[in-house]
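Peer 1: Quick one: structure below, then a few questions.
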Amino acid sequence: MVRSTKGRIASIAATAVLIGVPACSAPGDGGSDSDAGASLAVGIAYEPETLSPLLGYGKDGSSKIFDGLLTQNADLELKPALATTLPDVSEDGLTYTYTLRDGVTFSDGAPLTADDVVFTYETILDPKTNNPSREELDAIESVRAKDDHTVVFRLKYRYAPFAGRTVLPIVPEHAADGQDVNTGSFNTKPIGTGPYVLTGWTKGEKLTFKANPDYWGGAPKVKKLTLAIVADDDVRATRLRSGDLDAAILPPHLAGTFKKDTSRKVFAAESADYRAVTLPQGGKVTGDRAVRRALDIAVDRQAIVDSVLDGAGHPAAGPLPATSPYHADGTQRDRDPRRAREILDQAGWKRGSDGIRTKDGTRASFTLWYFSGDKLRQDHALAYASDAKKVGVEVKVQAGTREVVRPRLDRDAMLMGNGNPVDPDYDLYGLLHSSLAGNGWNNMARYDNATVDKALDAARRTADDTERRAAYTEVQRALVEDPGYTFLTLIDHMYVVNDGWSGVTTRVEPHDHGLAGPWWNVEDWKPRA
């Protein structure tokens, strides 16, 4: 909760954490601070594009190099980090005041001051900075240093989940200023206040870290850390099995193969992470709302959960899980291929001799991309294509790298993932608002619905929870009538970890490519005696 002159008001945190590996050495036998050899090797699927928070890295609290003003606990509740307490909030909800901890230094020894906080937020808000998540800070009117240890944010409008945005990592002005924010050396050689310090980055292979001995929260017991970039799920499992990795995120069918291994533990973390198909409104076929509506009810979501996820997940009735307090009842998508065919027939899509429909000379066919090596997305895509074909729509499944896929999203579909358990605004605004269409990885479907835009704006500008629930209900109901995506499943994240550490646990996770996980609090882990 956040303190205010009115009393305590509800707030929500943002998400996740970093960590990783190769060159694996076994955890030390003891738990003393002198055990410099204790290391952890974690295999993840995706590599960060930058290590600068100014360009979006760790924006949800997912970096161990940096800290934010606030962080979150195991229950995703906000707690102080670089700030001494949760913020003081003015009666009108427009002013947030933070007091910084004494004695915090960056890893180069320079002291943290309020000017570093101001520099971080003002640089991100500068239109010249290529930060695709800038809109998340749209509510900020100004940020100023009242003194060396006091930071004051003034908002343009009351923004209910603002406190959770201040988990954003703080950058040292002295190290990051004076260079091109988009291309400068800070992007690959960062300096922060966090529990770990970057020691190397071999692009496409690994990032290596060492524990920060002067960390304000206490030096971590895991002394060496490496982030292994292993895009292929099968390769990640093989490296884990061989001992080259200490831990990894794996799809359910591969994680299950480790359940009888007494030297490792398998963890299943509940998540808000969904898989969905983008259906670009500019596409010749997907631009037809009738096609999007038909596909929405043609797919067998439960079958995907059972076969692709081995039961480790749930059918997705939209972008919000049924456990969310903002989930709208009555928006589930029941499979109805007969009705899907009727919708296509009525819209003028007629079956050809090969079973695929055409309309005005246009074949009901489009390409669906997934990231190479991601078997979970591949299997989702193939299942979706199979169900689409049964109602006369041809979906051509294609693998590609992020660099190949991204420029095609204005016309081709993609098997995407997203989701955040903290607040609906943290996912839905970037996913659906028309002002963000094609902005980086935001609104990949180029979705444009005036009713949805208005509801999203209303939901983020009020602190009244009843009004927010009504707005998000309107969004979800609009997605039933005018889907821009086919939401398929909500995934339980599966991890395998060597059983050599105490303090290992999970929490409800976002979609973040495996950076969250049982190692969300790795700085608190201890080798088992």
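Following the order of the structure tokens, chains are lettered A, B, ..., residues in each are numbered from 1, and ligands are numbered from 1.
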Neighbouring residues of segment 284-296 of chain A were defined as those with any atom within 9 Å, considering only C-alpha atoms; residues of the same chain fewer than 3 positions away were excluded. Please report them as a count of residues only.
Peer 2: 40
Peer 1: For Ile65 of chain A, work out the shell of residues within 7 Å, counting only C-alpha atoms and skipping chain neighbours fewer than 4 positions away, then give it as a PyMOL selection string.
Peer 2: chain A and resi 192-197
Peer 1: So which residues touch Lys224 of chain A within 6 Å, counting only C-alpha atoms, skipping near sequence neighbours fewer than 5 positions away, as a list in words?
Peer 2: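 Residues near the query, excluding close chain neighbours: Ser39, Phe209 and Lys210 of chain A.
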Peer 1: Keeping only N, CA, C and O atoms, take the residues you just selected and write them out as a PDB file, in the first residue's frame.
Peer 2:
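File written: result-v4.pdb
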```pdb
ATOM      1  N   SER A  39      28.397 -20.573  -7.778  1.00  0.00           N
ATOM      2  CA  SER A  39      27.920 -19.985  -9.023  1.00  0.00           C
ATOM      3  C   SER A  39      26.601 -20.613  -9.434  1.00  0.00           C
ATOM      4  O   SER A  39      26.221 -21.673  -8.943  1.00  0.00           O
ATOM      5  N   PHE A 209      28.100 -12.276 -14.827  1.00  0.00           N
ATOM      6  CA  PHE A 209      27.952 -11.335 -13.726  1.00  0.00           C
ATOM      7  C   PHE A 209      28.762 -11.802 -12.521  1.00  0.00           C
ATOM      8  O   PHE A 209      29.037 -12.989 -12.373  1.00  0.00           O
ATOM      9  N   LYS A 210      29.085 -10.859 -11.657  1.00  0.00           N
ATOM     10  CA  LYS A 210      29.663 -11.193 -10.360  1.00  0.00           C
ATOM     11  C   LYS A 210      28.861 -10.471  -9.279  1.00  0.00           C
ATOM     12  O   LYS A 210      28.232  -9.436  -9.535  1.00  0.00           O
TER      13      LYS A 210
END
```
Peer 1: Would you return as a ChimeraX atom specification the members of segment 394-518 of chain A that DSSP assigns to strand (DSSP E or B) on this structure's backbone?
Peer 2: /A:394-400,413-418,485-491,493-498,501-502,509
Peer 1: Okay, now the selection with C-alpha atoms, as a PDB file, in the first residue's frame?
Peer 2:
```pdb
ATOM      1  CA  GLU A 394      -5.302 -21.520 -44.641  1.00  0.00           C
ATOM      2  CA  VAL A 395      -2.678 -20.508 -42.068  1.00  0.00           C
ATOM      3  CA  LYS A 396       0.904 -21.008 -43.262  1.00  0.00           C
ATOM      4  CA  VAL A 397       3.178 -21.513 -40.252  1.00  0.00           C
ATOM      5  CA  GLN A 398       6.689 -20.096 -40.615  1.00  0.00           C
ATOM      6  CA  ALA A 399       9.704 -19.822 -38.263  1.00  0.00           C
ATOM      7  CA  GLY A 400      11.887 -16.729 -38.123  1.00  0.00           C
ATOM      8  CA  ALA A 413       0.361 -12.809 -38.101  1.00  0.00           C
ATOM      9  CA  MET A 414       2.623 -13.808 -35.216  1.00  0.00           C
ATOM     10  CA  LEU A 415       2.309 -16.307 -32.381  1.00  0.00           C
ATOM     11  CA  MET A 416       2.975 -13.856 -29.574  1.00  0.00           C
ATOM     12  CA  GLY A 417       3.231 -13.922 -25.812  1.00  0.00           C
ATOM     13  CA  ASN A 418       2.496 -11.236 -23.235  1.00  0.00           C
ATOM     14  CA  TYR A 485      -6.003 -11.268 -31.602  1.00  0.00           C
ATOM     15  CA  THR A 486      -6.961 -14.882 -31.058  1.00  0.00           C
ATOM     16  CA  PHE A 487      -6.059 -15.559 -27.422  1.00  0.00           C
ATOM     17  CA  LEU A 488      -5.212 -19.221 -26.994  1.00  0.00           C
ATOM     18  CA  THR A 489      -3.762 -20.272 -23.638  1.00  0.00           C
ATOM     19  CA  LEU A 490      -2.435 -19.076 -20.306  1.00  0.00           C
ATOM     20  CA  ILE A 491       0.786 -20.903 -19.512  1.00  0.00           C
ATOM     21  CA  HIS A 493       5.911 -21.503 -16.368  1.00  0.00           C
ATOM     22  CA  MET A 494       8.021 -24.605 -15.811  1.00  0.00           C
ATOM     23  CA  TYR A 495      11.549 -24.537 -14.420  1.00  0.00           C
ATOM     24  CA  VAL A 496      14.152 -27.091 -13.472  1.00  0.00           C
ATOM     25  CA  VAL A 497      16.751 -26.143 -10.831  1.00  0.00           C
ATOM     26  CA  ASN A 498      19.617 -28.074  -9.252  1.00  0.00           C
ATOM     27  CA  TRP A 501      20.244 -24.034  -2.826  1.00  0.00           C
ATOM     28  CA  SER A 502      17.878 -22.881  -0.085  1.00  0.00           C
ATOM     29  CA  GLU A 509       4.811 -14.320 -13.125  1.00  0.00           C
TER      30      GLU A 509
END
```
Peer 1: Counting only C-alpha atoms, which residue out of A:Ser324, A:Asn442, A:Gln476, A:Ser307 sits closest to Leu456 of chain A?
Peer 2: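 Checking each of A:Ser324, A:Asn442, A:Gln476, A:Ser307 against Leu456 of chain A, counting only C-alpha atoms, the winner is A:Gln476.
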Peer 1: Find, counting only C-alpha atoms, the residue in A:Trp520, A:Tyr426, A:Tyr370, A:Tyr447 that gets nearest to Ser62 of chain A.
Peer 2: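 Of A:Trp520, A:Tyr426, A:Tyr370, A:Tyr447, the one nearest Ser62 of chain A is A:Trp520, counting only C-alpha atoms.
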